[in-house]
Amino acid sequence: MKTLLARLALFALAALPTLAFADDAAGPLRFNASQLQSAARASFPVQHELLEGFASLTLSDPDVRIPTPGDRVRLQMNYDIVLVNGDRLENGNVVVSSGLRYDPGTRGLHMVDPQLEHVGTGAAGRGLPGGSREALQDLIREYANSRPLYRLSDEDLAQVPGTLSADSLRISDGHVELRLAANAAP
């Protein structure tokens, strides 16, 4: 009998680390700015036709930041507007702040409600008729709807078992966190 109790106690002690690990696996999956930065670089440059093909707008060199405190990411990019003949019409940089959303269709973190915070231009009197701000905002919205800033891998998804929802994502303390809601645990 003592041997059986000793074996049961030993088995229980051996199972404790496994149980503790299972609890940790349900914790948040965290991404920092450099992880988002690496993924964003892979999907740039982004190009869009303007003026019925007589010019193009290109966004390049993304720089992703997650301000602390804050609940939005900041994305700084360079832009160029070039005429079809190759003449540069305008160039500069743009800063966008945005929330993020998880899209199960792309398995990605997409920008949501992107806001143009700053447009710095080197137009020197040239530029788009009516200005470039609206064209930049349109291209950024198109990017937000069609391309993820970060695509989750199979390994990422395995760390957050269950179904992710809109409430699963949070931006805080300089990180993006994905976690299951308390009632969504498998």
# chains A, B, ... in the order shown; residues from 1 in each chain; ligands from 1

$ residues_around --residues "Ala55 in chain A" --least-positions-apart "6" --cutoff "8 Å" --atoms "only C-alpha atoms" --output "number ranges by chain"
A: 49, 81-84

$ write_last_selection --atoms "N, CA, C and O atoms" --output "PDB file, in the first residue's frame"
ATOM      1  N   GLU A  49      -1.592  53.147 -59.187  1.00  0.00           N
ATOM      2  CA  GLU A  49      -1.687  54.072 -60.321  1.00  0.00           C
ATOM      3  C   GLU A  49      -2.522  55.289 -59.947  1.00  0.00           C
ATOM      4  O   GLU A  49      -3.510  55.179 -59.230  1.00  0.00           O
ATOM      5  N   ILE A  81       5.890  59.983 -55.973  1.00  0.00           N
ATOM      6  CA  ILE A  81       4.896  60.089 -57.043  1.00  0.00           C
ATOM      7  C   ILE A  81       5.681  60.398 -58.307  1.00  0.00           C
ATOM      8  O   ILE A  81       6.397  61.402 -58.376  1.00  0.00           O
ATOM      9  N   VAL A  82       5.569  59.477 -59.269  1.00  0.00           N
ATOM     10  CA  VAL A  82       6.359  59.567 -60.492  1.00  0.00           C
ATOM     11  C   VAL A  82       5.425  59.547 -61.688  1.00  0.00           C
ATOM     12  O   VAL A  82       4.489  58.749 -61.748  1.00  0.00           O
ATOM     13  N   LEU A  83       5.703  60.436 -62.646  1.00  0.00           N
ATOM     14  CA  LEU A  83       4.937  60.464 -63.893  1.00  0.00           C
ATOM     15  C   LEU A  83       5.322  59.274 -64.760  1.00  0.00           C
ATOM     16  O   LEU A  83       6.403  58.691 -64.596  1.00  0.00           O
ATOM     17  N   VAL A  84       4.475  58.943 -65.721  1.00  0.00           N
ATOM     18  CA  VAL A  84       4.711  57.806 -66.591  1.00  0.00           C
ATOM     19  C   VAL A  84       6.029  57.944 -67.372  1.00  0.00           C
ATOM     20  O   VAL A  84       6.669  56.951 -67.698  1.00  0.00           O
TER      21      VAL A  84
END

$ residues_around --residues "Glu142 in chain A" --least-positions-apart "3" --cutoff "12 Å" --atoms "only C-alpha atoms" --output "PyMOL selection string"
chain A and resi 46-48+110-114+135-139+145-148

$ residues_around --residues "Arg170 in chain A" --least-positions-apart "2" --cutoff "10 Å" --atoms "only C-alpha atoms" --output "ChimeraX atom specification"
/A:28,30,71-72,99-101,166-168,172-173,175-179

$ write_last_selection --atoms "N, CA and C atoms" --output "CSV table (one decimal), in the first residue's frame"
chain,number,residue,atom,x,y,z
A,28,PRO,N,-0.9,35.0,-23.4
A,28,PRO,CA,-0.9,35.8,-24.7
A,28,PRO,C,0.3,35.5,-25.6
A,30,ARG,N,2.7,37.3,-27.9
A,30,ARG,CA,3.2,38.7,-28.0
A,30,ARG,C,4.1,38.9,-29.2
A,71,ASP,N,-2.2,52.5,-27.8
A,71,ASP,CA,-3.0,51.4,-28.2
A,71,ASP,C,-3.1,51.3,-29.8
A,72,ARG,N,-2.1,52.0,-30.4
A,72,ARG,CA,-2.0,52.0,-31.9
A,72,ARG,C,-0.6,51.8,-32.3
A,99,GLY,N,-4.9,51.1,-35.5
A,99,GLY,CA,-5.2,50.0,-34.7
A,99,GLY,C,-4.9,48.8,-35.5
A,100,LEU,N,-5.1,47.6,-34.9
A,100,LEU,CA,-4.9,46.3,-35.7
A,100,LEU,C,-6.1,45.4,-35.4
A,101,ARG,N,-6.4,44.6,-36.4
A,101,ARG,CA,-7.4,43.6,-36.3
A,101,ARG,C,-6.9,42.3,-36.8
A,166,ALA,N,-12.2,39.2,-32.8
A,166,ALA,CA,-11.9,40.6,-32.8
A,166,ALA,C,-11.4,41.1,-31.4
A,167,ASP,N,-12.0,40.5,-30.4
A,167,ASP,CA,-11.6,40.8,-29.0
A,167,ASP,C,-10.3,40.2,-28.6
A,168,SER,N,-9.7,39.3,-29.4
A,168,SER,CA,-8.4,38.6,-29.1
A,168,SER,C,-7.2,39.5,-29.1
A,172,SER,N,-0.6,47.0,-26.3
A,172,SER,CA,-0.3,47.7,-25.0
A,172,SER,C,1.1,47.4,-24.6
A,173,ASP,N,1.7,48.3,-23.9
A,173,ASP,CA,3.0,48.1,-23.3
A,173,ASP,C,4.1,47.9,-24.4
A,175,HIS,N,3.7,46.2,-27.2
A,175,HIS,CA,3.5,44.9,-27.8
A,175,HIS,C,2.1,44.8,-28.4
A,176,VAL,N,2.0,43.9,-29.3
A,176,VAL,CA,0.7,43.4,-29.8
A,176,VAL,C,0.5,42.1,-29.1
A,177,GLU,N,-0.7,41.9,-28.5
A,177,GLU,CA,-1.0,40.6,-27.8
A,177,GLU,C,-2.2,40.0,-28.4
A,178,LEU,N,-2.1,38.7,-28.6
A,178,LEU,CA,-3.2,37.8,-29.0
A,178,LEU,C,-3.5,36.9,-27.9
A,179,ARG,N,-4.8,36.8,-27.5
A,179,ARG,CA,-5.1,35.8,-26.5
A,179,ARG,C,-6.6,35.5,-26.7

$ residues_around --residues "Ile66 in chain A" --least-positions-apart "5" --cutoff "8 Å" --atoms "only C-alpha atoms" --output "compact mmCIF listing (two decimals) with all heavy atoms, in the first residue's frame"
# COMPACT_ATOMS: atom_id res chain seq x y z
N ASN A 32 6.55 42.08 -30.93
CA ASN A 32 7.13 43.41 -30.71
C ASN A 32 7.27 44.13 -32.05
O ASN A 32 7.00 43.56 -33.11
CB ASN A 32 8.45 43.32 -29.95
CG ASN A 32 9.50 42.52 -30.69
OD1 ASN A 32 9.57 42.52 -31.91
ND2 ASN A 32 10.33 41.81 -29.94
N ALA A 33 7.71 45.36 -32.01
CA ALA A 33 7.81 46.18 -33.22
C ALA A 33 8.79 45.58 -34.23
O ALA A 33 8.53 45.63 -35.44
CB ALA A 33 8.22 47.60 -32.86
N ARG A 72 -2.11 51.99 -30.42
CA ARG A 72 -2.03 51.98 -31.88
C ARG A 72 -0.57 51.79 -32.29
O ARG A 72 0.33 52.13 -31.54
CB ARG A 72 -2.57 53.29 -32.47
CG ARG A 72 -4.07 53.48 -32.17
CD ARG A 72 -4.57 54.83 -32.57
NE ARG A 72 -4.60 55.11 -33.99
CZ ARG A 72 -5.56 54.71 -34.83
NH1 ARG A 72 -6.56 53.98 -34.38
NH2 ARG A 72 -5.52 55.05 -36.09
N VAL A 73 -0.38 51.22 -33.48
CA VAL A 73 0.97 51.14 -34.03
C VAL A 73 1.21 52.38 -34.88
O VAL A 73 0.26 53.02 -35.35
CB VAL A 73 1.18 49.86 -34.88
CG1 VAL A 73 1.04 48.62 -34.04
CG2 VAL A 73 0.25 49.82 -36.07
N ARG A 74 2.49 52.72 -35.06
CA ARG A 74 2.88 53.84 -35.93
C ARG A 74 3.71 53.27 -37.05
O ARG A 74 4.63 52.50 -36.82
CB ARG A 74 3.66 54.89 -35.17
CG ARG A 74 2.80 55.67 -34.19
CD ARG A 74 3.59 56.72 -33.43
NE ARG A 74 4.21 57.72 -34.25
CZ ARG A 74 3.63 58.86 -34.63
NH1 ARG A 74 2.40 59.12 -34.24
NH2 ARG A 74 4.29 59.73 -35.35
N GLY A 174 3.90 48.47 -25.57
CA GLY A 174 4.87 48.30 -26.65
C GLY A 174 4.81 46.96 -27.35
O GLY A 174 5.74 46.59 -28.06
N HIS A 175 3.72 46.22 -27.16
CA HIS A 175 3.55 44.91 -27.79
C HIS A 175 2.14 44.76 -28.36
O HIS A 175 1.21 45.44 -27.93
CB HIS A 175 3.74 43.78 -26.76
CG HIS A 175 5.15 43.60 -26.34
ND1 HIS A 175 5.71 44.32 -25.31
CD2 HIS A 175 6.12 42.79 -26.81
CE1 HIS A 175 6.96 43.96 -25.17
NE2 HIS A 175 7.25 43.04 -26.06

$ closest_residue --among "A:Asn78, A:Gln159, A:Tyr150, A:Gly105" --to "Ser38 in chain A" --atoms "only C-alpha atoms"
A:Tyr150

$ select_by_dssp --residues "range 38-181 of chain A" --states "strand (DSSP E or B)" --output "PyMOL selection string"
chain A and resi 46-50+55-65+73-83+88-103+108-121+150-151+169-172+175-178

$ closest_residue --among "A:Gly92, A:Leu57, A:Thr106, A:Gln115" --to "Leu75 in chain A" --atoms "only C-alpha atoms"
A:Gln115
